[in-house]
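Only one structure is covered here, and it is reproduced in the block below.
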Amino acid sequence: MRHQRAGKKLGRDAAHRKALYANLASALIEHGRIRTTEAKAKEVRPIVEEMITLGKRGDVAARRQAVAFLRSKGTAHLLFTDVAPRFADRPGGYTRIVKIGPRQGDAAPMAYLELVDYVPAREPSAAPA
């Protein structure tokens with residue numbers, strides 16, 4: 001029985017899973033939106049929310065905790081200077097999961113994990129007038 005056993009293993013050992021979460025969280029902070037499987041998105045979402053909350057705190061201890069998890073000073077700096085201030089007046093719920101259907105090849109359910117204020121870059125129209 002799995003009573004009170006939170007989280008999915010995602011077919012990885014603990015160190016690999018922790019590295020995966022750090023990489024996905026860093027990518028989301030840098031790009032604003034990532035495309036991944038629904039299971040990974042659901043596991044990374046609370047981690048990213050916690051990182052943004054650390055960014056909103058903004059003190060030295062929070063900065064050190066963020067660098068320790070994200071493993072990148074550059075990403076942590078982006079979190080504290082750009083991402084967290086955008087959510088200063090929001091009391092939580094910084095991310096959303098948008099399901100986009102099965103992946104071709106293995107039919108894994110895919111989703112976008114994005115920051116709620118994410119605005120996709122406009123693509124130039126293909127047909128010139």
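Residue numbering restarts at 1 for every chain of the structure tokens, chains are lettered A, B, ... in their displayed order, and ligands are numbered from 1 as they appear.
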
- Message: For Lys56 in chain A, find every residue with an atom within 8 Å (counting only C-alpha atoms), except residues of its own chain fewer than 5 positions away, and show them as a ChimeraX atom specification.
- Response: /A:80,84-85,87-88

- Message: Can you pull out every residue from chain A that DSSP, working from the backbone, puts in alpha helix (DSSP H), and format the result as a PyMOL selection string?
- Response: chain A and resi 14-31+38-57+60-70+73-78+84-86

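Here CA of Arg122 in chain A and CA of Ile97 in chain A stand 20.7 Å from one another.
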
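Residue nearest Val48 in chain A, chosen from A:Arg17, A:Arg35, A:Arg5, A:Arg96 and counting only C-alpha atoms: A:Arg96.
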
- All residues 6 Å or closer to range 41-44 of chain A, only C-alpha atoms, same chain fewer than 2 positions away omitted, as number ranges by chain: A: 21, 38-39, 46-47, 113

Can I get the selection written as a PDB file, in the first residue's frame, with N, CA and C atoms?
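Generated output (again.pdb):
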```
ATOM      1  N   TYR A  21      13.912  17.704 -11.739  1.00  0.00           N
ATOM      2  CA  TYR A  21      13.082  18.779 -11.211  1.00  0.00           C
ATOM      3  C   TYR A  21      13.815  20.116 -11.264  1.00  0.00           C
ATOM      4  N   GLU A  38       2.511  15.373 -18.756  1.00  0.00           N
ATOM      5  CA  GLU A  38       1.612  15.820 -17.692  1.00  0.00           C
ATOM      6  C   GLU A  38       2.136  15.409 -16.325  1.00  0.00           C
ATOM      7  N   ALA A  39       2.667  14.191 -16.206  1.00  0.00           N
ATOM      8  CA  ALA A  39       3.154  13.709 -14.913  1.00  0.00           C
ATOM      9  C   ALA A  39       4.308  14.575 -14.410  1.00  0.00           C
ATOM     10  N   PRO A  46       4.583  22.409  -7.953  1.00  0.00           N
ATOM     11  CA  PRO A  46       4.751  22.941  -6.597  1.00  0.00           C
ATOM     12  C   PRO A  46       6.165  23.422  -6.310  1.00  0.00           C
ATOM     13  N   ILE A  47       7.144  22.829  -6.960  1.00  0.00           N
ATOM     14  CA  ILE A  47       8.534  23.255  -6.761  1.00  0.00           C
ATOM     15  C   ILE A  47       8.735  24.658  -7.309  1.00  0.00           C
ATOM     16  N   LEU A 113       3.603  23.611 -19.178  1.00  0.00           N
ATOM     17  CA  LEU A 113       3.649  24.186 -17.839  1.00  0.00           C
ATOM     18  C   LEU A 113       4.132  25.607 -18.043  1.00  0.00           C
TER      19      LEU A 113
END
```

- Message: Report, in Å with one decimal, the straight-line distance from CA of Leu79 in chain A to CA of Ala66 in chain A.
- Response: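 So the two atoms, CA of Leu79 in chain A and CA of Ala66 in chain A, lie 8.7 Å apart.
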
- Pick from A:Ile52, A:Leu115, A:Leu24, A:Ala121, whichever lies nearest to Thr81 in chain A using only C-alpha atoms: A:Ile52
